[in-house]
$ cat entry29.tsv   # TSV, C-alpha atoms and all ligand atoms
chain	number	residue	atom	x	y	z
T	1	SER	CA	156.02	160.77	-130.35
T	2	VAL	CA	158.61	160.46	-127.62
T	3	ALA	CA	157.56	161.37	-124.07
T	4	ALA	CA	159.36	164.37	-122.55
T	5	PRO	CA	161.99	163.35	-120.00
T	6	PRO	CA	160.74	163.73	-116.42
T	7	ARG	CA	161.56	166.93	-114.55
T	8	ARG	CA	164.46	166.07	-112.26
T	9	GLY	CA	163.84	165.34	-108.60
T	10	ALA	CA	164.78	167.69	-105.76
T	11	LEU	CA	167.94	167.22	-103.72
T	12	ILE	CA	167.00	167.88	-100.12
T	13	VAL	CA	169.60	167.72	-97.33
T	14	ILE	CA	168.91	167.64	-93.61
T	15	GLU	CA	171.70	168.85	-91.36
T	16	GLY	CA	172.25	169.66	-87.72
T	17	CYS	CA	174.39	168.81	-84.71
T	18	ASP	CA	174.11	165.38	-83.10
T	19	ARG	CA	170.75	164.27	-81.59
T	20	THR	CA	168.63	166.97	-83.22
T	21	GLY	CA	166.14	164.55	-84.81
T	22	LYS	CA	167.48	164.49	-88.37
T	23	THR	CA	166.92	160.79	-89.10
T	24	THR	CA	163.36	160.76	-87.75
T	25	GLN	CA	162.51	163.86	-89.78
T	26	ALA	CA	164.22	162.68	-92.98
T	27	MET	CA	162.21	159.45	-92.91
T	28	LYS	CA	158.96	161.30	-92.27
T	29	LEU	CA	159.68	163.60	-95.20
T	30	VAL	CA	160.18	160.64	-97.52
T	31	GLU	CA	156.88	159.15	-96.34
T	32	TYR	CA	155.14	162.48	-96.85
T	33	LEU	CA	156.37	162.88	-100.42
T	34	ASN	CA	155.68	159.27	-101.39
T	35	GLY	CA	152.23	159.57	-99.81
T	36	SER	CA	151.42	162.52	-102.03
T	37	ASP	CA	152.46	160.81	-105.24
T	38	ARG	CA	155.94	162.25	-105.53
T	39	LYS	CA	158.65	159.67	-105.56
T	40	ALA	CA	161.44	160.19	-103.03
T	41	ILE	CA	164.17	158.03	-101.57
T	42	PHE	CA	165.99	158.18	-98.23
T	43	MET	CA	169.76	158.24	-98.02
T	44	ARG	CA	172.11	158.90	-95.14
T	45	PHE	CA	175.76	159.66	-94.58
T	46	PRO	CA	177.80	158.05	-93.31
T	47	ASP	CA	176.43	155.03	-95.19
T	48	ARG	CA	177.80	152.41	-92.81
T	49	THR	CA	176.89	149.48	-95.10
T	50	THR	CA	179.82	149.85	-97.56
T	51	PRO	CA	183.42	148.75	-96.82
T	52	ILE	CA	184.41	152.41	-96.35
T	53	GLY	CA	181.33	152.89	-94.18
T	54	CYS	CA	182.35	149.95	-91.98
T	55	LEU	CA	185.68	151.60	-91.36
T	56	ILE	CA	183.95	154.88	-90.51
T	57	ASP	CA	181.64	153.04	-88.12
T	58	SER	CA	184.53	151.47	-86.32
T	59	TYR	CA	186.27	154.87	-86.07
T	60	LEU	CA	183.14	156.48	-84.58
T	61	SER	CA	182.72	153.71	-82.01
T	62	ARG	CA	186.41	154.05	-81.11
T	63	GLY	CA	187.34	150.65	-82.52
T	64	VAL	CA	190.13	152.14	-84.64
T	65	ASN	CA	192.10	155.37	-84.56
T	66	LEU	CA	192.77	157.22	-87.82
T	67	GLU	CA	194.57	160.44	-88.67
T	68	ASP	CA	192.20	163.42	-88.86
T	69	GLN	CA	192.94	163.82	-92.57
T	70	VAL	CA	192.29	160.13	-93.24
T	71	ILE	CA	188.88	159.95	-91.58
T	72	HIS	CA	187.89	163.21	-93.27
T	73	LEU	CA	188.73	161.79	-96.70
T	74	LEU	CA	186.92	158.52	-95.91
T	75	PHE	CA	183.72	160.44	-95.08
T	76	SER	CA	184.08	162.24	-98.45
T	77	ALA	CA	184.81	159.01	-100.31
T	78	ASN	CA	181.71	157.51	-98.70
T	79	ARG	CA	179.66	160.27	-100.36
T	80	TRP	CA	181.42	159.98	-103.72
T	81	GLU	CA	180.68	156.26	-103.84
T	82	SER	CA	176.96	157.18	-103.81
T	83	HIS	CA	177.37	159.94	-106.39
T	84	PRO	CA	176.13	157.81	-109.33
T	85	LYS	CA	173.01	156.76	-107.40
T	86	ILE	CA	172.17	160.34	-106.39
T	87	ILE	CA	172.50	161.56	-109.98
T	88	SER	CA	170.55	158.71	-111.56
T	89	THR	CA	167.73	158.97	-109.00
T	90	LEU	CA	167.36	162.72	-109.54
T	91	LYS	CA	167.41	162.25	-113.33
T	92	SER	CA	164.67	159.62	-113.07
T	93	GLY	CA	162.46	162.31	-111.55
T	94	ALA	CA	162.56	161.07	-107.95
T	95	SER	CA	163.71	163.30	-105.12
T	96	VAL	CA	166.56	162.38	-102.79
T	97	ILE	CA	166.28	163.17	-99.08
T	98	ILE	CA	169.69	162.92	-97.41
T	99	ASP	CA	170.33	162.72	-93.68
T	100	ARG	CA	173.72	164.60	-93.45
T	101	TYR	CA	175.94	165.56	-96.37
T	102	ALA	CA	179.18	167.41	-97.08
T	103	PHE	CA	178.26	170.12	-94.56
T	104	SER	CA	178.58	167.53	-91.78
T	105	GLY	CA	181.87	166.50	-93.33
T	106	VAL	CA	183.29	170.00	-93.10
T	107	ALA	CA	181.64	171.12	-89.85
T	108	PHE	CA	182.84	168.08	-87.87
T	109	SER	CA	186.34	167.73	-89.34
T	110	ALA	CA	187.10	171.45	-89.07
T	111	ALA	CA	186.01	171.37	-85.41
T	112	LYS	CA	189.25	169.47	-84.75
T	113	GLU	CA	191.34	172.58	-85.40
T	114	SER	CA	194.04	170.45	-87.01
T	115	LEU	CA	192.08	170.92	-90.25
T	116	GLY	CA	191.00	174.20	-91.83
T	117	LEU	CA	187.56	174.86	-93.28
T	118	GLN	CA	188.95	175.43	-96.79
T	119	TRP	CA	190.99	172.26	-96.80
T	120	CYS	CA	187.96	170.29	-95.62
T	121	LYS	CA	185.74	171.62	-98.41
T	122	GLY	CA	188.13	170.42	-101.12
T	123	SER	CA	187.28	166.73	-101.14
T	124	ASP	CA	183.51	167.32	-101.45
T	125	ALA	CA	183.70	170.11	-104.03
T	126	GLY	CA	181.77	169.12	-107.14
T	127	LEU	CA	179.18	166.91	-105.46
T	128	PRO	CA	175.67	167.98	-106.52
T	129	LYS	CA	174.58	171.10	-104.62
T	130	PRO	CA	171.32	170.59	-102.72
T	131	ASP	CA	168.23	172.56	-103.72
T	132	VAL	CA	167.63	173.16	-100.02
T	133	VAL	CA	169.42	172.46	-96.74
T	134	LEU	CA	167.06	172.09	-93.79
T	135	PHE	CA	169.06	172.79	-90.64
T	136	LEU	CA	167.57	171.38	-87.44
T	137	ASP	CA	168.42	173.98	-84.84
T	138	LEU	CA	168.35	172.92	-81.19
T	139	PRO	CA	170.14	174.32	-78.12
T	140	LEU	CA	173.17	172.04	-77.73
T	141	GLU	CA	172.51	171.58	-74.01
T	142	GLN	CA	169.09	170.21	-74.92
T	143	ALA	CA	170.52	167.80	-77.52
T	144	ALA	CA	172.96	166.50	-74.90
T	145	THR	CA	170.07	165.22	-72.77
T	146	ARG	CA	168.65	163.09	-75.61
T	147	GLY	CA	168.98	159.28	-75.71
T	148	GLU	CA	172.43	157.71	-76.12
T	149	TYR	CA	174.24	161.06	-76.41
T	150	GLY	CA	177.93	160.57	-75.66
T	151	SER	CA	178.16	157.00	-76.92
T	152	GLU	CA	180.16	157.93	-80.05
T	153	ARG	CA	183.16	160.10	-80.82
T	154	TYR	CA	182.31	163.84	-81.19
T	155	GLU	CA	179.26	163.68	-78.85
T	156	GLU	CA	180.61	166.19	-76.41
T	157	LEU	CA	179.31	169.70	-75.74
T	158	LYS	CA	182.54	171.67	-76.41
T	159	PHE	CA	183.06	169.85	-79.69
T	160	GLN	CA	179.42	170.33	-80.77
T	161	GLN	CA	179.76	174.08	-80.11
T	162	ARG	CA	182.61	174.26	-82.62
T	163	VAL	CA	180.64	172.11	-85.08
T	164	TYR	CA	177.70	174.52	-84.78
T	165	LYS	CA	179.95	177.52	-85.45
T	166	ASN	CA	181.33	175.82	-88.56
T	167	TYR	CA	177.84	175.03	-89.83
T	168	MET	CA	176.93	178.71	-89.52
T	169	ALA	CA	179.99	179.64	-91.59
T	170	LEU	CA	178.78	177.33	-94.39
T	171	ARG	CA	175.27	178.78	-94.66
T	172	ASP	CA	173.99	180.32	-97.88
T	173	ASP	CA	170.56	181.29	-99.20
T	174	THR	CA	169.60	177.64	-99.78
T	175	TRP	CA	169.65	177.01	-96.00
T	176	LYS	CA	166.50	177.09	-93.90
T	177	MET	CA	166.73	177.08	-90.12
T	178	ILE	CA	164.13	174.81	-88.50
T	179	ASP	CA	163.33	175.13	-84.79
T	180	ALA	CA	163.98	171.57	-83.63
T	181	SER	CA	162.89	172.18	-80.04
T	182	LYS	CA	159.25	171.90	-81.17
T	183	SER	CA	157.32	168.61	-81.16
T	184	ILE	CA	158.09	165.99	-83.82
T	185	GLU	CA	154.81	166.84	-85.58
T	186	GLU	CA	155.45	170.59	-85.57
T	187	VAL	CA	158.98	170.16	-86.90
T	188	GLN	CA	157.60	167.82	-89.55
T	189	ARG	CA	155.03	170.39	-90.68
T	190	SER	CA	157.57	173.21	-91.00
T	191	MET	CA	159.87	170.96	-93.01
T	192	GLU	CA	157.01	169.96	-95.32
T	193	ALA	CA	156.14	173.62	-95.83
T	194	GLU	CA	159.73	174.44	-96.81
T	195	VAL	CA	159.88	171.51	-99.21
T	196	GLU	CA	156.59	172.49	-100.85
T	197	ARG	CA	157.90	176.01	-101.30
T	198	VAL	CA	161.17	174.79	-102.82
T	199	MET	CA	159.40	172.40	-105.16
T	200	LYS	CA	157.09	175.17	-106.35
T	201	GLU	CA	159.78	177.85	-106.76
T	202	SER	CA	162.72	175.87	-108.07
T	203	LYS	CA	163.39	175.71	-111.76
T	204	PHE	CA	165.22	172.41	-111.35
T	205	GLY	CA	167.74	173.19	-114.04
T	206	PRO	CA	171.01	171.28	-114.31
T	207	LEU	CA	172.53	170.42	-110.94
T	208	PRO	CA	175.28	172.84	-110.00
T	209	GLY	CA	178.38	171.54	-108.23
T	210	LEU	CA	178.88	172.22	-104.55
T	211	TRP	CA	181.56	174.83	-103.73
T	212	TRP	CA	182.48	175.45	-107.36
J	301	LIG	N1	180.11	162.87	-89.40
J	301	LIG	C1	179.19	162.59	-90.36
J	301	LIG	C2	181.35	163.40	-89.74
J	301	LIG	O1	182.19	163.65	-88.89
J	301	LIG	N2	181.63	163.64	-91.06
J	301	LIG	C3	180.73	163.37	-92.05
J	301	LIG	O2	181.03	163.59	-93.24
J	301	LIG	C4	179.45	162.81	-91.69
J	301	LIG	C5	178.46	162.48	-92.76
J	301	LIG	O3	179.58	161.16	-87.91
J	301	LIG	N3	178.58	162.51	-85.08
J	301	LIG	C6	179.82	162.54	-87.99
J	301	LIG	C7	178.60	163.19	-87.42
J	301	LIG	C8	178.08	162.19	-86.41
J	301	LIG	C9	178.65	160.87	-86.87
J	301	LIG	O4	176.51	160.42	-87.86
J	301	LIG	C10	177.64	159.85	-87.36
J	301	LIG	P1	175.05	159.77	-87.60
J	301	LIG	O5	174.12	160.79	-88.24
J	301	LIG	O6	174.85	159.71	-86.12
J	301	LIG	O7	175.03	158.42	-88.26
$ encode --input "entry29.tsv" --output "structure tokens"
Amino acid sequence: SVAAPPRRGALIVIEGCDRTGKTTQAMKLVEYLNGSDRKAIFMRFPDRTTPIGCLIDSYLSRGVNLEDQVIHLLFSANRWESHPKIISTLKSGASVIIDRYAFSGVAFSAAKESLGLQWCKGSDAGLPKPDVVLFLDLPLEQAATRGEYGSERYEELKFQQRVYKNYMALRDDTWKMIDASKSIEEVQRSMEAEVERVMKESKFGPLPGLWW
């Protein structure tokens, strides 16, 4: 007899303004899942290791200037180039934990006011929709005091306030707000609790497309 195909993995996205602890928490979540016998991989956007990612990196560190539309589309393209890997990993039964996703793409680009929210959503529409979005919520003044804040483009309080507002406009019932002012361990535990809940409740049917 042929073994049943594995139940697909969960697509878990971690979002938040700059310096809210997303990378630390995403990595801890991967460790937690792998440590409890559930396969999970870590991904992050921008993925600065690809040719498109290198260009994004040099834009963020102010090495090159690009039109607002161009950098927006590069961030989207940088996600689409990982689309096959996301799909194949989920199909294999492993979960994918992603540090930033299309919500960052829209929230940051639309904060420029040269670009509208609707226009920004277009280039990411159809990417797999996450099973849950864990939003690390931290007062922006507090984030601004964290290490290396201000070293890259966008790391400025007024800008972050517009980013935050855009994030709130993108929320739906798959979003969970996490109080990121708590200790690393406390944040970790509330994220684990959310993920356990999602994994228990979700039917993990076919992956719907984002913004379709
Ligand atoms: N960013 C990130 C965007 O403007 N658009 C996107 O699509 C993504 C994924 O890049 N300030 C911004 C948010 C951050 C910066 O992110 C780099 P990180 O998480 O610091 O590597």
$ residues_near_ligand --input "entry29.tsv" --ligand "ligand LIG 301 (chain J)" --cutoff "6 Å" --atoms "all atoms listed in the file" --output "ChimeraX atom specification"
/T:18,45-46,75,100-102,104-105,108-109,154
$ atom_distance --input "entry29.tsv" --atom1 "CA of Pro5 (chain T)" --atom2 "CA of Met43 (chain T)"
23.9 Å
$ atom_distance --input "entry29.tsv" --atom1 "CA of Ala125 (chain T)" --atom2 "CA of Asp99 (chain T)"
18.5 Å
$ closest_residue --input "entry29.tsv" --among "T:Arg38, T:Thr50, T:Glu186, T:Phe159" --to "Ala111 (chain T)" --atoms "all atoms listed in the file"
T:Phe159
$ atom_distance --input "entry29.tsv" --atom1 "CA of Ser202 (chain T)" --atom2 "CA of Asn34 (chain T)"
19.2 Å
$ residues_near_point --input "entry29.tsv" --point "(186.5, 168.9, -92.0)" --cutoff "10 Å" --atoms "all atoms listed in the file" --output "number ranges by chain"
T: 68-69, 71-73, 75-76, 102-123, 163, 166
$ residues_around --input "entry29.tsv" --residues "Gln188 (chain T)" --least-positions-apart "5" --cutoff "8 Å" --atoms "all atoms listed in the file" --output "short mmCIF file (atom, residue, chain, number, x, y, z; two decimals) with C-alpha atoms, keeping the file's coordinate frame"
data_model
loop_
_atom_site.label_atom_id
_atom_site.label_comp_id
_atom_site.auth_asym_id
_atom_site.auth_seq_id
_atom_site.Cartn_x
_atom_site.Cartn_y
_atom_site.Cartn_z
CA GLN T 25 162.51 163.86 -89.78
CA LYS T 28 158.96 161.30 -92.27
CA LEU T 29 159.68 163.60 -95.20
#
